[in-house]
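Data from run.tsv: TSV, C-alpha atoms
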```
chain	number	residue	atom	x	y	z
A	1	ALA	CA	8.38	13.41	-7.80
A	2	GLN	CA	6.35	10.31	-8.33
A	3	LYS	CA	2.61	10.41	-8.70
A	4	VAL	CA	-0.13	7.84	-9.23
A	5	THR	CA	-3.53	8.95	-10.43
A	6	GLN	CA	-6.62	6.80	-10.20
A	7	ALA	CA	-9.19	9.14	-11.67
A	8	GLN	CA	-12.13	6.82	-11.05
A	9	THR	CA	-13.18	6.99	-7.41
A	10	GLU	CA	-16.17	4.66	-7.39
A	11	ILE	CA	-17.43	2.12	-9.91
A	12	SER	CA	-20.59	0.07	-9.63
A	13	VAL	CA	-21.34	-2.84	-11.94
A	14	VAL	CA	-23.71	-5.74	-12.08
A	15	GLU	CA	-22.31	-9.20	-11.62
A	16	LYS	CA	-20.82	-10.75	-14.78
A	17	GLU	CA	-20.03	-7.37	-16.31
A	18	ASP	CA	-16.44	-6.62	-17.29
A	19	VAL	CA	-14.84	-3.64	-15.58
A	20	THR	CA	-11.57	-1.78	-16.15
A	21	LEU	CA	-9.80	0.17	-13.43
A	22	ASP	CA	-7.52	2.90	-14.72
A	23	CYS	CA	-4.10	3.86	-13.38
A	24	VAL	CA	-1.86	6.62	-14.73
A	25	TYR	CA	1.54	7.28	-13.24
A	26	GLU	CA	4.29	9.89	-13.37
A	27	THR	CA	7.96	9.29	-12.71
A	28	ARG	CA	11.31	10.59	-13.88
A	29	ASP	CA	12.91	7.21	-13.36
A	30	THR	CA	13.57	4.97	-16.34
A	31	THR	CA	13.39	1.90	-14.14
A	32	TYR	CA	10.44	1.43	-11.84
A	33	TYR	CA	7.88	-1.07	-10.66
A	34	LEU	CA	4.12	-0.93	-10.67
A	35	PHE	CA	1.79	-2.81	-8.36
A	36	TRP	CA	-1.89	-3.42	-7.82
A	37	TYR	CA	-3.28	-4.15	-4.37
A	38	LYS	CA	-6.79	-5.13	-3.36
A	39	GLN	CA	-8.41	-4.07	-0.09
A	40	PRO	CA	-11.59	-6.06	0.57
A	41	PRO	CA	-14.19	-4.87	3.11
A	42	SER	CA	-12.32	-6.78	5.84
A	43	GLY	CA	-9.57	-4.16	5.48
A	44	GLU	CA	-6.37	-6.05	4.75
A	45	LEU	CA	-4.21	-5.21	1.75
A	46	VAL	CA	-3.70	-8.04	-0.71
A	47	PHE	CA	-0.95	-7.95	-3.33
A	48	LEU	CA	-2.26	-8.74	-6.82
A	49	ILE	CA	0.47	-8.09	-9.37
A	50	ARG	CA	3.86	-6.53	-9.95
A	51	ARG	CA	5.17	-5.25	-13.27
A	52	ASN	CA	8.59	-3.78	-14.04
A	53	SER	CA	9.14	-0.96	-16.48
A	54	PHE	CA	11.04	-3.19	-18.91
A	55	ASP	CA	8.18	-5.58	-19.43
A	56	GLU	CA	5.24	-4.25	-21.36
A	57	GLN	CA	3.65	-7.62	-21.92
A	58	ASN	CA	0.07	-7.81	-20.86
A	59	GLU	CA	-0.74	-10.40	-18.25
A	60	ILE	CA	-3.77	-12.54	-17.64
A	61	SER	CA	-4.49	-14.44	-14.47
A	62	GLY	CA	-7.87	-16.10	-14.48
A	63	ARG	CA	-10.50	-13.36	-14.65
A	64	TYR	CA	-7.88	-10.64	-14.06
A	65	SER	CA	-5.79	-8.98	-16.75
A	66	TRP	CA	-3.41	-6.06	-16.78
A	67	ASN	CA	-2.50	-3.72	-19.64
A	68	PHE	CA	0.79	-1.86	-19.19
A	69	GLN	CA	1.57	0.86	-21.72
A	70	LYS	CA	4.68	2.97	-21.18
A	71	SER	CA	3.75	5.29	-24.04
A	72	THR	CA	0.72	6.50	-22.11
A	73	SER	CA	2.14	5.83	-18.60
A	74	SER	CA	-0.79	3.62	-17.81
A	75	PHE	CA	-1.23	0.33	-16.02
A	76	ASN	CA	-4.88	-0.61	-16.25
A	77	PHE	CA	-6.57	-3.56	-14.57
A	78	THR	CA	-9.53	-5.43	-16.05
A	79	ILE	CA	-11.81	-7.86	-14.26
A	80	THR	CA	-13.74	-10.08	-16.63
A	81	ALA	CA	-17.12	-11.46	-15.60
A	82	SER	CA	-17.05	-9.65	-12.27
A	83	GLN	CA	-18.29	-11.33	-9.11
A	84	VAL	CA	-19.61	-9.98	-5.84
A	85	VAL	CA	-16.38	-11.10	-4.16
A	86	ASP	CA	-14.51	-8.63	-6.35
A	87	SER	CA	-16.09	-5.78	-4.39
A	88	ALA	CA	-13.17	-3.95	-2.81
A	89	VAL	CA	-10.95	-0.91	-3.00
A	90	TYR	CA	-8.19	-1.33	-5.55
A	91	PHE	CA	-4.92	0.57	-5.29
A	92	CYS	CA	-2.31	1.14	-7.93
A	93	ALA	CA	1.19	1.88	-6.63
A	94	LEU	CA	4.56	2.90	-8.04
A	95	SER	CA	8.01	2.05	-6.67
A	96	GLU	CA	11.18	3.89	-7.58
A	97	VAL	CA	14.35	1.92	-8.28
A	98	ARG	CA	17.74	3.43	-7.67
A	99	ALA	CA	20.97	2.19	-6.17
A	100	GLY	CA	20.58	2.19	-2.42
A	101	ALA	CA	17.01	3.40	-2.70
A	102	ASN	CA	14.44	2.54	-0.13
A	103	SER	CA	11.83	1.60	-2.70
A	104	LYS	CA	9.04	3.57	-1.18
A	105	LEU	CA	5.64	2.93	-2.64
A	106	THR	CA	3.57	5.83	-3.92
A	107	PHE	CA	-0.10	4.89	-3.86
A	108	GLY	CA	-3.03	6.20	-5.82
A	109	LYS	CA	-6.16	7.18	-3.90
A	110	GLY	CA	-7.87	3.92	-4.74
A	111	ILE	CA	-10.98	2.92	-6.67
A	112	THR	CA	-13.97	1.52	-4.82
A	113	LEU	CA	-15.54	-1.23	-6.89
A	114	SER	CA	-19.01	-2.45	-6.02
A	115	VAL	CA	-20.33	-5.52	-7.79
A	116	ARG	CA	-24.09	-5.97	-7.39
A	117	PRO	CA	-25.74	-9.38	-7.66
B	1	ASN	CA	3.24	-18.17	8.73
B	2	ALA	CA	2.34	-15.09	10.77
B	3	GLY	CA	3.82	-12.53	8.34
B	4	VAL	CA	3.31	-8.97	9.58
B	5	THR	CA	1.42	-8.70	12.86
B	6	GLN	CA	-0.04	-5.45	14.15
B	7	THR	CA	-1.49	-4.80	17.58
B	8	PRO	CA	-3.94	-3.57	18.66
B	9	LYS	CA	-6.54	-3.90	15.92
B	10	PHE	CA	-8.71	-1.12	17.33
B	11	ARG	CA	-8.11	1.66	19.82
B	12	ILE	CA	-9.84	4.80	21.02
B	13	LEU	CA	-7.69	7.52	22.55
B	14	LYS	CA	-8.46	10.82	24.17
B	15	ILE	CA	-6.80	13.97	22.87
B	16	GLY	CA	-3.35	14.35	24.40
B	17	GLN	CA	-2.89	10.71	25.32
B	18	SER	CA	0.03	8.71	24.02
B	19	MET	CA	0.26	5.19	22.70
B	20	THR	CA	2.44	2.82	20.75
B	21	LEU	CA	1.26	0.82	17.78
B	22	GLN	CA	3.12	-2.43	17.61
B	23	CYS	CA	4.37	-4.12	14.45
B	24	THR	CA	6.38	-7.30	14.20
B	25	GLN	CA	7.34	-9.49	11.26
B	26	ASP	CA	8.78	-12.97	11.19
B	27	MET	CA	10.09	-13.01	7.63
B	28	ASN	CA	13.52	-11.53	8.44
B	29	HIS	CA	12.75	-8.55	6.23
B	30	ASN	CA	15.14	-5.62	6.44
B	31	TYR	CA	12.73	-2.96	5.18
B	32	MET	CA	9.75	-1.92	7.23
B	33	TYR	CA	7.19	0.84	6.72
B	34	TRP	CA	4.36	2.63	8.47
B	35	TYR	CA	1.47	4.07	6.47
B	36	ARG	CA	-1.73	5.80	7.37
B	37	GLN	CA	-4.89	5.47	5.34
B	38	ASP	CA	-7.49	8.20	5.41
B	39	PRO	CA	-10.82	7.85	3.58
B	40	GLY	CA	-10.44	8.53	-0.14
B	41	MET	CA	-6.77	9.42	0.23
B	42	GLY	CA	-4.89	6.21	-0.37
B	43	LEU	CA	-1.93	5.31	1.82
B	44	LYS	CA	0.65	7.82	2.89
B	45	LEU	CA	4.08	6.90	4.22
B	46	ILE	CA	4.80	8.03	7.79
B	47	TYR	CA	8.20	6.49	8.55
B	48	TYR	CA	10.33	3.71	7.19
B	49	SER	CA	13.38	1.71	8.20
B	50	VAL	CA	15.99	-0.09	6.13
B	51	GLY	CA	17.35	-2.08	9.04
B	52	ALA	CA	17.85	-2.20	12.77
B	53	GLY	CA	18.95	1.16	14.09
B	54	ILE	CA	18.08	3.05	10.90
B	55	THR	CA	14.88	5.02	10.42
B	56	ASP	CA	13.81	7.88	8.20
B	57	LYS	CA	10.84	10.16	7.66
B	58	GLY	CA	8.25	9.57	5.03
B	59	GLU	CA	5.67	11.93	3.63
B	60	VAL	CA	3.68	12.65	6.82
B	61	PRO	CA	5.94	12.15	9.89
B	62	ASN	CA	4.74	15.01	12.12
B	63	GLY	CA	3.29	13.83	15.40
B	64	TYR	CA	4.87	10.38	15.22
B	65	ASN	CA	8.08	8.69	16.27
B	66	VAL	CA	9.56	5.30	15.50
B	67	SER	CA	12.40	3.09	16.62
B	68	ARG	CA	13.96	-0.06	15.20
B	69	SER	CA	16.00	-1.88	17.79
B	70	THR	CA	15.55	-5.30	16.18
B	71	THR	CA	14.94	-6.60	12.68
B	72	GLU	CA	11.55	-7.96	13.72
B	73	ASP	CA	9.95	-4.98	15.45
B	74	PHE	CA	9.06	-1.50	14.24
B	75	PRO	CA	6.78	0.30	16.74
B	76	LEU	CA	5.08	3.60	15.93
B	77	ARG	CA	4.57	6.06	18.78
B	78	LEU	CA	2.05	8.85	19.10
B	79	GLU	CA	3.13	11.20	21.86
B	80	LEU	CA	0.23	13.66	22.02
B	81	ALA	CA	-2.75	12.25	20.19
B	82	ALA	CA	-4.70	14.74	18.07
B	83	PRO	CA	-8.00	14.29	16.20
B	84	SER	CA	-6.12	14.61	12.90
B	85	GLN	CA	-4.40	11.33	13.71
B	86	THR	CA	-7.65	9.41	13.53
B	87	SER	CA	-6.90	6.95	10.77
B	88	VAL	CA	-6.15	3.35	9.87
B	89	TYR	CA	-2.49	2.52	10.28
B	90	PHE	CA	-0.72	-0.15	8.27
B	91	CYS	CA	2.69	-1.65	8.85
B	92	ALA	CA	4.49	-3.34	5.96
B	93	SER	CA	7.77	-5.09	5.29
B	94	ARG	CA	9.77	-6.41	2.41
B	95	PRO	CA	13.16	-8.06	1.90
B	96	ARG	CA	16.19	-5.95	1.06
B	97	GLN	CA	16.97	-7.76	-2.16
B	98	GLY	CA	14.92	-6.71	-5.14
B	99	SER	CA	13.10	-3.42	-5.35
B	100	ASN	CA	10.45	-5.32	-7.25
B	101	GLN	CA	9.46	-7.36	-4.24
B	102	PRO	CA	5.97	-6.49	-3.02
B	103	GLN	CA	5.51	-5.14	0.45
B	104	HIS	CA	3.69	-7.43	2.84
B	105	PHE	CA	1.09	-5.62	4.90
B	106	GLY	CA	-0.33	-6.24	8.33
B	107	ASP	CA	-4.07	-6.17	8.90
B	108	GLY	CA	-4.05	-2.61	10.16
B	109	THR	CA	-4.84	-0.73	13.36
B	110	ARG	CA	-7.96	1.42	13.40
B	111	LEU	CA	-7.31	4.39	15.69
B	112	SER	CA	-9.84	7.00	16.78
B	113	ILE	CA	-8.87	10.13	18.69
B	114	LEU	CA	-11.76	11.75	20.55
```

Same coordinates, now as structure tokens:
Amino acid sequence: AQKVTQAQTEISVVEKEDVTLDCVYETRDTTYYLFWYKQPPSGELVFLIRRNSFDEQNEISGRYSWNFQKSTSSFNFTITASQVVDSAVYFCALSEVRAGANSKLTFGKGITLSVRP
Amino acid sequence: NAGVTQTPKFRILKIGQSMTLQCTQDMNHNYMYWYRQDPGMGLKLIYYSVGAGITDKGEVPNGYNVSRSTTEDFPLRLELAAPSQTSVYFCASRPRQGSNQPQHFGDGTRLSIL
């Protein structure tokens, strides 16, 4: 069975600090996809990034970066120079990939990030 | 583009009442999903559908029913509302091709059972 663990439940930082959100996953599949979603206080779910299990390259997008390491089954998310607008709940999710599969997402419990001015 | 539209946004029900949460998408996506989000628990899959006429149970289906008569619509029905069904409900969709495609989520329905 798939499992996503986000051990951090709440993180509070001061604006301009860097912050890393941890995600550890479990799967028996050799091919899978990992996702990060953001849920701001308004409640909608916003897709941030997708990574497939074949691609361990780290990715940077502006102030956001992601570190995928298969050896430790981790897909961590770093926000550099955090801003108040980054305050949200962040979810890591895992999708199985099999022929004819329904690609259900397994979500972690989420990390509530508060960025103080 | 409307994307995934959920109605209503908020609703209060009495125990034992029934209601239908509506979800429609205009992206011609084959796959649709219903999740519930409880505080501190992430999202859990209730039901999903891979196309019109095909539905299947997710992780927490008890107390819910779904139907998929068209590609666009995927309503979720609560027959006998219970306090344990107080939650935020999200509908999502994605295209059939590519398991790596992200699911597109609606804005959610906040449901309280009193």

| query | Excluding same-chain residues fewer than 5 positions from stretch 65-75 of chain A, what lies within 8 Å of it counting only C-alpha atoms, as JSON, numbers by chain? | reply | {"A": [22, 23, 24, 25, 26, 34, 53, 56, 57, 58, 59, 60]}

Those selected residues, please, written with C-alpha atoms and delivered as a PDB file, in the frame of the given file.
```pdb
ATOM      1  CA  ASP A  22      -7.520   2.900 -14.720  1.00  0.00           C
ATOM      2  CA  CYS A  23      -4.100   3.860 -13.380  1.00  0.00           C
ATOM      3  CA  VAL A  24      -1.860   6.620 -14.730  1.00  0.00           C
ATOM      4  CA  TYR A  25       1.540   7.280 -13.240  1.00  0.00           C
ATOM      5  CA  GLU A  26       4.290   9.890 -13.370  1.00  0.00           C
ATOM      6  CA  LEU A  34       4.120  -0.930 -10.670  1.00  0.00           C
ATOM      7  CA  SER A  53       9.140  -0.960 -16.480  1.00  0.00           C
ATOM      8  CA  GLU A  56       5.240  -4.250 -21.360  1.00  0.00           C
ATOM      9  CA  GLN A  57       3.650  -7.620 -21.920  1.00  0.00           C
ATOM     10  CA  ASN A  58       0.070  -7.810 -20.860  1.00  0.00           C
ATOM     11  CA  GLU A  59      -0.740 -10.400 -18.250  1.00  0.00           C
ATOM     12  CA  ILE A  60      -3.770 -12.540 -17.640  1.00  0.00           C
TER      13      ILE A  60
END
```

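Among the candidates A:Thr78, A:Val13, A:Val4, A:Val115, the one nearest to chain B when counting only C-alpha atoms is A:Val4.
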
| request: Place a sphere of radius 8 Å on (-5.9, 10.1, 16.9) in the file coordinates and name every protein, DNA or RNA residue with an atom inside or on its surface, counting all atoms listed in the file; give the answer as a VMD selection string. | output: chain B and resid 12 to 15 81 to 87 111 to 114

| request: Kindly determine which residues of chain B lie within 12 Å of chain A, considering all atoms listed in the file, and give the answer as a ChimeraX atom specification. | output: /B:4-6,9,30-51,54-59,88-110

| request: Quote the spacing between atom CA of B:Glu72 and atom CA of B:Met27 in Å to one decimal place. | output: 8.0 Å
